>>> print(open('query.cif').read())   # mmCIF, C-alpha atoms
data_protein
loop_
_atom_site.label_atom_id
_atom_site.label_comp_id
_atom_site.auth_asym_id
_atom_site.auth_seq_id
_atom_site.Cartn_x
_atom_site.Cartn_y
_atom_site.Cartn_z
CA LYS A 19 23.36 -29.65 -106.87
CA LEU A 20 21.87 -33.01 -105.83
CA ALA A 21 19.60 -33.13 -108.89
CA ALA A 22 22.57 -32.45 -111.18
CA ASN A 23 24.38 -35.53 -109.81
CA GLU A 24 21.40 -37.87 -109.60
CA ILE A 25 22.71 -39.88 -112.54
CA ARG A 26 25.65 -41.00 -110.36
CA LEU A 27 23.34 -42.88 -107.98
CA PRO A 28 23.46 -46.67 -108.36
CA PRO A 29 20.43 -48.34 -109.99
CA GLY A 30 17.61 -48.88 -107.49
CA ALA A 31 18.94 -46.31 -104.98
CA SER A 32 16.39 -43.88 -103.62
CA SER A 33 16.80 -40.15 -104.03
CA PRO A 34 18.88 -38.34 -101.40
CA LEU A 35 16.94 -36.97 -98.44
CA VAL A 36 17.70 -33.37 -97.56
CA GLN A 37 16.81 -32.23 -94.06
CA VAL A 38 17.06 -28.68 -92.85
CA ARG A 39 19.21 -28.29 -89.74
CA SER A 40 19.38 -25.28 -87.50
CA ILE A 41 21.02 -24.28 -84.25
CA ASP A 42 17.90 -25.59 -82.49
CA ASP A 43 18.79 -29.13 -83.61
CA VAL A 44 22.02 -29.22 -81.60
CA PRO A 45 21.67 -31.23 -78.38
CA VAL A 46 21.31 -28.91 -75.40
CA MET A 47 21.59 -31.67 -72.83
CA ALA A 48 23.27 -35.04 -72.50
CA LEU A 49 22.08 -37.33 -69.73
CA THR A 50 24.13 -40.44 -68.97
CA LEU A 51 22.58 -43.39 -67.13
CA TRP A 52 24.84 -45.80 -65.28
CA GLY A 53 24.86 -47.70 -62.02
CA ARG A 54 26.53 -50.55 -60.20
CA GLY A 55 24.59 -53.73 -60.81
CA TYR A 56 23.04 -52.64 -64.12
CA ASP A 57 24.18 -54.01 -67.46
CA ASP A 58 23.97 -52.26 -70.82
CA VAL A 59 20.71 -54.03 -71.78
CA GLN A 60 18.92 -52.88 -68.62
CA LEU A 61 20.28 -49.34 -69.04
CA ARG A 62 19.10 -49.23 -72.67
CA GLN A 63 15.59 -50.28 -71.58
CA MET A 64 15.55 -47.56 -68.91
CA GLY A 65 16.85 -45.07 -71.48
CA GLY A 66 14.02 -46.03 -73.83
CA GLN A 67 11.43 -45.44 -71.11
CA LEU A 68 12.99 -42.08 -70.27
CA GLN A 69 13.09 -41.19 -73.98
CA GLU A 70 9.33 -41.80 -74.27
CA ALA A 71 8.66 -39.57 -71.24
CA LEU A 72 10.93 -36.79 -72.54
CA LYS A 73 9.19 -36.78 -75.93
CA GLU A 74 6.17 -35.31 -74.13
CA VAL A 75 8.14 -32.21 -73.08
CA PRO A 76 7.22 -29.18 -75.24
CA ASP A 77 9.84 -27.93 -77.73
CA VAL A 78 11.91 -31.15 -77.62
CA SER A 79 12.65 -31.95 -81.26
CA GLU A 80 14.69 -35.14 -81.07
CA ILE A 81 16.08 -37.51 -78.47
CA THR A 82 18.86 -39.91 -79.38
CA ILE A 83 19.97 -42.92 -77.33
CA ILE A 84 23.68 -43.72 -77.55
CA GLY A 85 25.15 -46.93 -76.17
CA GLY A 86 23.72 -50.05 -74.66
CA ARG A 87 22.35 -53.08 -76.41
CA ALA A 88 18.72 -53.23 -77.51
CA ARG A 89 16.72 -56.17 -76.19
CA ARG A 90 16.72 -59.23 -78.44
CA VAL A 91 15.09 -62.59 -77.92
CA THR A 92 17.13 -65.35 -79.56
CA VAL A 93 15.62 -68.70 -80.52
CA ASP A 94 18.12 -71.53 -81.12
CA VAL A 95 16.29 -74.46 -82.67
CA ASP A 96 17.45 -78.02 -81.83
CA PRO A 97 17.41 -79.98 -85.11
CA ALA A 98 17.26 -83.35 -83.32
CA ALA A 99 14.25 -82.28 -81.22
CA LEU A 100 12.50 -81.02 -84.37
CA ALA A 101 13.18 -84.24 -86.25
CA ALA A 102 11.93 -86.35 -83.33
CA ARG A 103 8.61 -84.46 -83.47
CA HIS A 104 8.42 -84.44 -87.30
CA LEU A 105 8.68 -80.63 -87.51
CA ASP A 106 10.94 -78.32 -89.50
CA PRO A 107 12.44 -74.86 -88.84
CA LEU A 108 10.07 -73.18 -91.32
CA THR A 109 7.08 -74.44 -89.34
CA VAL A 110 8.57 -72.97 -86.16
CA GLN A 111 9.23 -69.63 -87.88
CA GLN A 112 5.69 -69.48 -89.28
CA ALA A 113 4.15 -70.30 -85.88
CA LEU A 114 6.15 -67.51 -84.22
CA ALA A 115 5.26 -65.01 -86.96
CA TYR A 116 1.57 -65.92 -86.78
CA THR A 117 1.43 -65.73 -82.97
CA ASN A 118 3.44 -62.51 -82.66
CA ALA A 119 1.38 -60.41 -85.05
CA ARG A 120 -0.87 -57.42 -84.79
CA SER A 121 -2.85 -55.86 -87.61
CA THR A 122 -5.53 -53.28 -88.27
CA SER A 123 -8.76 -55.08 -89.05
CA GLY A 124 -10.85 -52.07 -89.90
CA GLN A 125 -12.42 -49.22 -88.02
CA THR A 126 -15.52 -48.32 -86.07
CA ILE A 127 -17.27 -45.04 -86.70
CA SER A 128 -19.11 -43.35 -83.89
CA GLU A 129 -20.03 -39.70 -83.40
CA ASN A 130 -18.20 -38.70 -86.62
CA ARG A 131 -14.95 -40.25 -85.35
CA ALA A 132 -13.16 -43.25 -86.81
CA THR A 133 -11.42 -45.55 -84.35
CA PRO A 134 -9.07 -48.24 -85.75
CA VAL A 135 -9.69 -51.81 -84.61
CA GLU A 136 -6.57 -53.91 -84.09
CA THR A 137 -6.49 -57.68 -83.75
CA GLY A 138 -3.78 -60.00 -82.54
CA ASN A 139 -1.20 -59.61 -79.80
CA TRP A 140 2.50 -59.10 -79.41
CA LEU A 141 4.32 -61.66 -77.31
CA THR A 142 5.02 -59.72 -74.12
CA SER A 143 7.23 -62.05 -72.07
CA ILE A 144 9.87 -64.71 -72.50
CA ASP A 145 7.44 -67.27 -71.03
CA ALA A 146 4.88 -66.34 -73.70
CA VAL A 147 7.50 -66.96 -76.40
CA LYS A 148 8.46 -70.33 -74.91
CA SER A 149 4.83 -71.44 -74.71
CA VAL A 150 4.00 -70.78 -78.39
CA VAL A 151 2.62 -73.96 -79.96
CA VAL A 152 4.76 -74.66 -83.02
CA GLY A 153 2.98 -77.81 -84.15
CA THR A 154 0.63 -80.63 -83.22
CA PRO A 155 2.05 -83.85 -84.65
CA GLY A 156 -0.17 -86.75 -83.67
CA GLY A 157 -2.55 -84.32 -81.95
CA THR A 158 -0.09 -83.46 -79.20
CA PRO A 159 0.85 -79.76 -78.94
CA VAL A 160 4.58 -79.03 -79.18
CA HIS A 161 5.71 -75.80 -77.53
CA LEU A 162 8.71 -73.77 -78.67
CA ALA A 163 10.55 -74.59 -75.41
CA ASP A 164 10.31 -78.31 -76.35
CA VAL A 165 12.33 -77.84 -79.55
CA ALA A 166 14.46 -74.74 -78.95
CA SER A 167 16.31 -72.74 -76.36
CA VAL A 168 14.98 -69.20 -75.93
CA VAL A 169 17.29 -66.52 -74.54
CA ASP A 170 16.20 -63.02 -73.53
CA GLY A 171 19.25 -60.79 -73.86
CA GLY A 172 20.84 -58.00 -75.79
CA GLY A 173 21.61 -57.64 -79.46
CA GLU A 174 24.77 -56.36 -81.05
CA PRO A 175 25.72 -52.85 -79.90
CA ASP A 176 25.89 -50.04 -82.46
CA ASP A 177 28.04 -47.88 -80.21
CA TYR A 178 29.57 -47.99 -76.75
CA VAL A 179 29.31 -45.68 -73.75
CA MET A 180 31.26 -46.25 -70.53
CA HIS A 181 31.34 -44.33 -67.26
CA TYR A 182 34.63 -44.03 -65.35
CA PRO A 183 33.91 -42.76 -61.81
CA GLY A 184 37.45 -43.34 -60.60
CA PRO A 185 40.79 -44.99 -61.36
CA GLY A 186 40.36 -48.63 -62.33
CA GLN A 187 36.56 -48.42 -62.38
CA ALA A 188 34.46 -48.72 -65.53
CA PHE A 189 30.74 -49.25 -65.87
CA PRO A 190 28.49 -49.61 -68.92
CA ALA A 191 26.36 -46.56 -69.57
CA VAL A 192 23.73 -45.13 -71.92
CA THR A 193 23.53 -41.48 -72.94
CA LEU A 194 20.41 -39.60 -74.02
CA SER A 195 21.05 -36.41 -75.98
#
>>> encode(input="query.cif", output="structure tokens")
Amino acid sequence: KLAANEIRLPPGASSPLVQVRSIDDVPVMALTLWGRGYDDVQLRQMGGQLQEALKEVPDVSEITIIGGRARRVTVDVDPAALAARHLDPLTVQQALAYTNARSTSGQTISENRATPVETGNWLTSIDAVKSVVVGTPGGTPVHLADVASVVDGGGEPDDYVMHYPGPGQAFPAVTLS
């Protein structure tokens, strides 16, 4: 039936993906995380850690996280600070991309086993992001924190989950199913 209607797809669209579903694909458990003093970003991070641990359980086919905001680091560049240091936003973007990169550089072969070799590092903390050198005008290094504000927070939510333990009480929550 899909092949018969393939001509109706817009130009450049990929072919439809058909996935077999069975009764085993229905969630058998829903676990909701919430707590006083935790925001939806923290709960989403905890949910992600729990998701990774639950993936190791035998016969678990899929774990979905619903709710919360994924972590997002936002960089707001100050145009005046850039101009004062003779830098531009593209230079800042390229410095961040170059510093926050990891790639496979080849492999080592030992005892009939190939082991991939990776080079580079991911930026692992907000302080590491702030300390990235984005330029060296006049030989003086300029760090990202000198020309931009860096905020570690949450992105836009895709969906919302709330927990209501009693009348007039509402707390952000994250559900794993």
>>> closest_residue(input="query.cif", among="A:Leu51, A:Leu27, A:Val151, A:Ile41", to="Gln112 (chain A)", atoms="all atoms listed in the file")
A:Val151
>>> closest_atom_pairs(input="query.cif", of="region 136-156 of chain A", to="region 166-181 of chain A", cutoff="8 Å", atoms="all atoms listed in the file", output="tab-separated table")
residue	atom	partner	partner_atom	distance
A:Ile144	CA	A:Asp170	CA	6.6
A:Val147	CA	A:Val168	CA	7.8
A:Lys148	CA	A:Val168	CA	6.7
>>> atom_distance(input="query.cif", atom1="CA of Gln67 (chain A)", atom2="CA of Ile83 (chain A)")
10.9 Å
>>> atom_distance(input="query.cif", atom1="CA of Ala99 (chain A)", atom2="CA of Tyr116 (chain A)")
21.4 Å
>>> atom_distance(input="query.cif", atom1="CA of Val44 (chain A)", atom2="CA of Ala21 (chain A)")
27.7 Å
>>> closest_residue(input="query.cif", among="A:Val91, A:Ile25, A:Ala119, A:Val78", to="Asp42 (chain A)", atoms="only C-alpha atoms")
A:Val78
>>> residues_around(input="query.cif", residues="Thr154 (chain A)", least_positions_apart="5", cutoff="9 Å", atoms="all atoms listed in the file", output="list in words")
Arg103, Pro159 and Val160 of chain A
>>> axis_aligned_box(input="query.cif", around="region 107-110 of chain A", padding_each_side="8 Å", output="JSON")
{"center_x": 9.8, "center_y": -73.9, "center_z": -88.7, "size_x": 21.4, "size_y": 17.9, "size_z": 21.2}
>>> residues_near_point(input="query.cif", point="(23.0, -39.9, -80.3)", cutoff="8 Å", atoms="only C-alpha atoms", output="list in words")
Ile81, Thr82, Ile83, Ile84, Thr193, Leu194 and Ser195 of chain A
>>> resolve_selection(input="query.cif", expression="the PyMOL selection byres ((chain A and resi 52-65) around 6)", output="list of chain:residue names")
A:Leu51, A:Gly66, A:Gln67, A:Leu68, A:Gln69, A:Gly86, A:Arg87, A:Gly172, A:Pro190, A:Ala191
>>> resolve_selection(input="query.cif", expression="the PyMOL selection byres ((chain A and resi 96) around 10)", output="MDAnalysis selection string")
chainID A and resid 93:95 97:101 107 164:167
